[in-house]
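Read the structure below first, then the notes.
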Amino acid sequence: MMNRAKLAGLAALPALFAGLPVWAQDAALVPYVYEKTVHGGDVAWMSISTVLVLLMTVPGLALFYGGLVRTKNMLSMLTQVFAISAVVCIIWVTYGYSLAFSYGGSMDTYVGGFSKMFLAGVDATTLVPTFTNGVWLPEYTFIAFQMTFAMITPALIVGAFAERIKFSSLLVFSVLWVTFIYFPMAHMVWWWGGPDFLAEQQTALLIAQAAGDAAAEATAAANLAANGLLWNWGALDFAGGTVVHINAGVAGLVGCIVLGKRVGYGRESMAPHSLTMTMIGGALLWVGWFGFNAGSNLESNAITSLAIMNTFVATAGAGVAWMFAEWALKGKPSLLGLVSGVVTGLVAVTPAAGFAGPMGALVLGIVAGVACFFFVSYVKNMFKLDDSLDVFGIHGLGGIIGAIATGILVNPALGGAGVPDYLSIPGTLQVAAYDGAFMVTAQIKAVLFTIAFSGIGAFILFKLVDMTMGLRVKEEIEREGLDVAEHGERAYNM
Amino acid sequence: MKLIIAAIKPFKLEEVREALTTIGVRGMMVTEIKGFGMQSGHTEIYRGAEYAVNFVPKMRLEIVVTDALADQVVDTITKTARTNKIGDGKIFVLDVQQAVRVRTGETNDDAL
């Protein structure tokens, strides 16, 4: 981010100084200058957030999923989540960060470039922008934080085809998926120049217009538009509703269709082997999610606290809503229902975390909890889908509801934080006038784009791996269980 | 000598053991089992998936007692293990030909 900001800013400079005397008397039209300040509190909070997201993944997600499968496949779930996390960690520092968060040249709207491969040009002195003018963050802090997002997202998908995928094929698929789907998605949603770069370019644009310098004006306008595709649409995604949850949910849906149902699906009991583990995992997800949502603020300030509030309230709302819906319609309030509702609330509030107000988040949680309960309990069975651990039903659907609701709940009239406006008064963050039709349209466009991009992309990658390596284990291995057959060990020797 | 085999609800085990000890039963064998009778299982729901659980957990008691004590044992188990709900279990009584105490070699009633 920073390198591009610096380069583009320098390119615009000669034009600015050439026109200087003409408009120097107008106080508003001076080039925007700023200092980059790093706050220790921000670095501390982001470091904690980073390891909190790791806590979500291993052990949180691993145990959440592990408890839901049968005893014979417990280790396969734990191994898949753990291994994907470690592999993607390595990919992130070799080329992932560069593809997600560097300037992509002619492809910049869609994906980053290779200029930061092997973290080239990054050291302990380089900085990235936050969401506040003049406040910057060490690039390493940002790289590590974003790395944990890339690590957890492909691990979310494995729940959809649990108990039947070949481990080697899964690793290959995960590498391909982060490369061709996740990194471009992250770039399209989150790649922007930062508040100082925008202020600098907006000021340059105004100066060029006043001076009648068409070339400088075009340069500044191009720089202002040099963001990811979905960012330019005006779509809001605070912590990864589209990038992480819809993306993983849709990939999971496609995956469970391509792989097919488990042997014995619908005939044999496939009851979870340890809801105790699932509860521990679900609870760790909730704890870790504060790093995910509130860490996405990149700073330690009032919006961080708003995101923490929302991550409590929406989650509790969805958990309680699922519990009561199940109690009313299925007769009993189950622990699995409650924990599933909690995860649904976390997913739904992710894109809204720093935008909605707490009361908006509560309503969002309740709506998502009831909707996902209906999908998982009734709709899924109608389609006879073996999305084994409900990756689509919770992450996909919860993500869609959250992403669209973000466009509504950001409205200050509903207690939302409002859409940030960095351009009206360059250098001073304003809240833009809320335009509901525009916001909801932008969110729906982003959701539809994500579904299409992720769905088609995942389908191609699944088919590719299936045709070359085969995605599924043999039937006798599936019956025996993946633990002994694929990993040579069993979870419980008692 | 009689062998009394009883399948009872697991949570009744401790109560039954205590009652049998009171009437003079000095040993029993206990096994965790699964099975079905008239209760014939129940349904469990995990998110959308409903599973019929056909075999329900029970405790199997095996008690060998003198002929004189047998009726009292059956009576005690029946009274203690009863909840008046379906699934309370069954009791079977069989004749036993011989009993031996391994440590001393004592046989039959003396071995019990």
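In the structure tokens, the first chain shown is A, the next is B, and so on; residue numbers restart at 1 for each chain, and ligands run from 1 in the order shown.
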What are the closest atom pairs, with distances in Å to one decimal, for each residue of stretch 15-63 of chain B lying within 8 Å of stretch 72-95 of chain B, using only C-alpha atoms, rows by chain and rising residue number, as a tab-separated table?
```
residue	atom	partner	partner_atom	distance
B:Glu15	CA	B:Thr80	CA	6.8
B:Val16	CA	B:Thr80	CA	5.7
B:Ala19	CA	B:Thr76	CA	6.8
B:Leu20	CA	B:Val73	CA	6.7
B:Ile23	CA	B:Val73	CA	7.8
B:Val25	CA	B:Val73	CA	8.0
B:Gly37	CA	B:Gly87	CA	7.3
B:Met38	CA	B:Gly87	CA	6.9
B:Gln39	CA	B:Gly87	CA	5.1
```
>> Should the cut-off be 6 Å, what would the residue list for chain A against chain B look like, counting only C-alpha atoms, as a PyMOL selection string?
In response: chain A and resi 269+376-377
Would you write out those residues with C-alpha atoms, as a PDB file, in the first residue's frame?
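Result file is result.pdb:
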```pdb
ATOM      1  CA  SER A 269     -26.140 -42.409  11.868  1.00  0.00           C
ATOM      2  CA  VAL A 376     -29.902 -25.848   7.939  1.00  0.00           C
ATOM      3  CA  SER A 377     -32.920 -27.632   9.422  1.00  0.00           C
TER       4      SER A 377
END
```
>> Neighbouring residues of B:Leu3 were defined as those with any atom within 12 Å, considering only C-alpha atoms; residues of the same chain fewer than 5 positions away were excluded. Please report them as a VMD selection string.
In response: chain B and resid 27 to 29 61 to 67 69 to 71 73 to 74 91 to 99 112
>> With DSSP run on the backbone, what are the alpha helix (DSSP H) residues within stretch 31-280 of chain A? I'd like them as a PyMOL selection string.
In response: chain A and resi 40-55+62-68+74-91+97-101+139-157+167-177+183-190+195-211+214-224+229-232+247-259+275-280
Could you find all residues in chain B that DSSP calls strand (DSSP E) from the backbone, and write them as an mmCIF file with N, CA and C atoms, in the first residue's frame?
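Below is the file that was written, part_18.cif:
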```cif
data_model
loop_
_atom_site.group_PDB
_atom_site.id
_atom_site.type_symbol
_atom_site.label_atom_id
_atom_site.label_comp_id
_atom_site.auth_asym_id
_atom_site.auth_seq_id
_atom_site.Cartn_x
_atom_site.Cartn_y
_atom_site.Cartn_z
ATOM 1 N N LYS B 2 -29.782 -69.638 41.737
ATOM 2 C CA LYS B 2 -30.404 -68.990 40.573
ATOM 3 C C LYS B 2 -29.484 -67.878 40.028
ATOM 4 N N LEU B 3 -29.463 -67.788 38.690
ATOM 5 C CA LEU B 3 -28.805 -66.639 38.044
ATOM 6 C C LEU B 3 -29.902 -65.649 37.661
ATOM 7 N N ILE B 4 -29.761 -64.431 38.156
ATOM 8 C CA ILE B 4 -30.755 -63.409 37.824
ATOM 9 C C ILE B 4 -30.100 -62.398 36.896
ATOM 10 N N ILE B 5 -30.620 -62.285 35.704
ATOM 11 C CA ILE B 5 -30.101 -61.301 34.736
ATOM 12 C C ILE B 5 -31.118 -60.172 34.641
ATOM 13 N N ALA B 6 -30.671 -58.961 34.873
ATOM 14 C CA ALA B 6 -31.593 -57.834 34.808
ATOM 15 C C ALA B 6 -31.006 -56.750 33.905
ATOM 16 N N ALA B 7 -31.834 -56.221 33.007
ATOM 17 C CA ALA B 7 -31.437 -55.042 32.219
ATOM 18 C C ALA B 7 -32.213 -53.859 32.787
ATOM 19 N N ILE B 8 -31.496 -52.846 33.263
ATOM 20 C CA ILE B 8 -32.177 -51.715 33.904
ATOM 21 C C ILE B 8 -31.660 -50.396 33.340
ATOM 22 N N MET B 29 -22.305 -58.879 38.949
ATOM 23 C CA MET B 29 -21.522 -58.442 37.791
ATOM 24 C C MET B 29 -22.350 -57.411 37.021
ATOM 25 N N VAL B 30 -21.668 -56.367 36.535
ATOM 26 C CA VAL B 30 -22.376 -55.286 35.844
ATOM 27 C C VAL B 30 -21.700 -55.022 34.494
ATOM 28 N N THR B 31 -22.497 -54.896 33.464
ATOM 29 C CA THR B 31 -21.971 -54.586 32.126
ATOM 30 C C THR B 31 -22.793 -53.463 31.515
ATOM 31 N N GLU B 32 -22.099 -52.526 30.824
ATOM 32 C CA GLU B 32 -22.840 -51.515 30.058
ATOM 33 C C GLU B 32 -23.255 -52.152 28.749
ATOM 34 N N ILE B 33 -24.531 -52.122 28.454
ATOM 35 C CA ILE B 33 -24.999 -52.739 27.208
ATOM 36 C C ILE B 33 -25.883 -51.772 26.439
ATOM 37 N N LYS B 34 -26.213 -52.164 25.181
ATOM 38 C CA LYS B 34 -27.220 -51.445 24.410
ATOM 39 C C LYS B 34 -28.262 -52.450 23.979
ATOM 40 N N GLY B 35 -29.458 -52.033 23.830
ATOM 41 C CA GLY B 35 -30.471 -52.970 23.383
ATOM 42 C C GLY B 35 -31.795 -52.272 23.166
ATOM 43 N N HIS B 42 -35.091 -43.981 20.432
ATOM 44 C CA HIS B 42 -35.606 -42.614 20.402
ATOM 45 C C HIS B 42 -34.959 -41.870 19.240
ATOM 46 N N THR B 43 -35.354 -40.612 19.052
ATOM 47 C CA THR B 43 -34.814 -39.827 17.948
ATOM 48 C C THR B 43 -33.882 -38.741 18.487
ATOM 49 N N GLU B 44 -32.731 -38.568 17.835
ATOM 50 C CA GLU B 44 -31.837 -37.463 18.177
ATOM 51 C C GLU B 44 -31.730 -36.533 16.980
ATOM 52 N N ILE B 45 -31.685 -35.223 17.235
ATOM 53 C CA ILE B 45 -31.630 -34.244 16.143
ATOM 54 C C ILE B 45 -30.345 -33.438 16.248
ATOM 55 N N TYR B 46 -29.524 -33.477 15.182
ATOM 56 C CA TYR B 46 -28.305 -32.669 15.136
ATOM 57 C C TYR B 46 -28.430 -31.698 13.973
ATOM 58 N N ALA B 49 -30.253 -32.912 10.843
ATOM 59 C CA ALA B 49 -30.228 -34.359 10.669
ATOM 60 C C ALA B 49 -30.895 -35.069 11.841
ATOM 61 N N GLU B 50 -31.907 -35.891 11.540
ATOM 62 C CA GLU B 50 -32.570 -36.663 12.591
ATOM 63 C C GLU B 50 -32.116 -38.110 12.497
ATOM 64 N N TYR B 51 -31.673 -38.644 13.627
ATOM 65 C CA TYR B 51 -31.238 -40.033 13.648
ATOM 66 C C TYR B 51 -32.096 -40.813 14.625
ATOM 67 N N ALA B 52 -32.612 -41.964 14.158
ATOM 68 C CA ALA B 52 -33.333 -42.869 15.042
ATOM 69 C C ALA B 52 -32.288 -43.705 15.770
ATOM 70 N N VAL B 53 -32.259 -43.594 17.093
ATOM 71 C CA VAL B 53 -31.324 -44.399 17.873
ATOM 72 C C VAL B 53 -32.078 -45.640 18.320
ATOM 73 N N VAL B 56 -30.763 -48.508 22.829
ATOM 74 C CA VAL B 56 -30.586 -47.534 23.914
ATOM 75 C C VAL B 56 -29.685 -48.130 24.990
ATOM 76 N N PRO B 57 -28.898 -47.300 25.675
ATOM 77 C CA PRO B 57 -27.980 -47.793 26.697
ATOM 78 C C PRO B 57 -28.743 -48.341 27.905
ATOM 79 N N LYS B 58 -28.297 -49.484 28.382
ATOM 80 C CA LYS B 58 -28.861 -50.076 29.603
ATOM 81 C C LYS B 58 -27.721 -50.671 30.429
ATOM 82 N N MET B 59 -28.033 -51.025 31.662
ATOM 83 C CA MET B 59 -27.078 -51.740 32.504
ATOM 84 C C MET B 59 -27.541 -53.173 32.647
ATOM 85 N N ARG B 60 -26.614 -54.086 32.462
ATOM 86 C CA ARG B 60 -26.959 -55.500 32.633
ATOM 87 C C ARG B 60 -26.355 -55.997 33.948
ATOM 88 N N LEU B 61 -27.215 -56.493 34.832
ATOM 89 C CA LEU B 61 -26.770 -57.031 36.122
ATOM 90 C C LEU B 61 -26.849 -58.553 36.071
ATOM 91 N N GLU B 62 -25.812 -59.221 36.553
ATOM 92 C CA GLU B 62 -25.866 -60.667 36.697
ATOM 93 C C GLU B 62 -25.600 -60.986 38.164
ATOM 94 N N ILE B 63 -26.566 -61.650 38.787
ATOM 95 C CA ILE B 63 -26.465 -61.936 40.218
ATOM 96 C C ILE B 63 -26.774 -63.418 40.439
ATOM 97 N N VAL B 64 -25.870 -64.116 41.102
ATOM 98 C CA VAL B 64 -26.162 -65.503 41.452
ATOM 99 C C VAL B 64 -26.428 -65.574 42.958
ATOM 100 N N VAL B 65 -27.585 -66.115 43.333
ATOM 101 C CA VAL B 65 -27.957 -66.194 44.759
ATOM 102 C C VAL B 65 -28.544 -67.569 45.075
ATOM 103 N N GLY B 89 -36.923 -51.872 31.810
ATOM 104 C CA GLY B 89 -36.054 -53.052 31.694
ATOM 105 C C GLY B 89 -36.756 -54.375 31.895
ATOM 106 N N LYS B 90 -35.949 -55.450 31.987
ATOM 107 C CA LYS B 90 -36.476 -56.826 32.101
ATOM 108 C C LYS B 90 -35.621 -57.592 33.110
ATOM 109 N N ILE B 91 -36.215 -58.640 33.691
ATOM 110 C CA ILE B 91 -35.469 -59.526 34.586
ATOM 111 C C ILE B 91 -35.689 -60.976 34.125
ATOM 112 N N PHE B 92 -34.588 -61.721 34.046
ATOM 113 C CA PHE B 92 -34.694 -63.142 33.703
ATOM 114 C C PHE B 92 -34.064 -63.954 34.828
ATOM 115 N N VAL B 93 -34.674 -65.106 35.136
ATOM 116 C CA VAL B 93 -34.139 -65.970 36.195
ATOM 117 C C VAL B 93 -33.831 -67.345 35.611
ATOM 118 N N LEU B 94 -32.604 -67.815 35.820
ATOM 119 C CA LEU B 94 -32.160 -69.102 35.277
ATOM 120 C C LEU B 94 -31.626 -69.977 36.414
ATOM 121 N N ASP B 95 -31.683 -71.294 36.211
ATOM 122 C CA ASP B 95 -31.060 -72.214 37.170
ATOM 123 C C ASP B 95 -29.559 -72.252 36.942
#
```
> So which one's closest to A:Val178, A:Thr153, A:Gln201, A:Thr468, A:Ser106? Using only C-alpha atoms, please.
Replying inline: A:Thr153
>> When you look at stretch 240-244 of chain A with a cut-off of 6 Å (counting only C-alpha atoms), what residues show up, excluding the ones that are within fewer than 3 positions of it in the same chain? I need them as a ChimeraX atom specification.
In response: /A:153,185-186,237,247-248,350-351,399,403
> Near A:Thr304, counting only C-alpha atoms, which residues have an atom at most 8 Å away, once you skip same-chain residues fewer than 3 positions from it, shown as a list of chain:residue names?
Replying inline: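 Everything that qualifies: A:Ala294, A:Gly295, A:Asn297, A:Glu299, A:Ser300, A:Asn301, A:Ala307, A:Ile308, A:Gly354.
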> Do you know which residues are at most 8 Å from A:Pro412 counting only C-alpha atoms, after dropping those on the same chain fewer than 5 positions away, and could you put them as a count of residues only?
Replying inline: 3
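Between atom CA of A:Ile400 and atom CA of A:Trp233 the interatomic distance comes to 17.0 Å.
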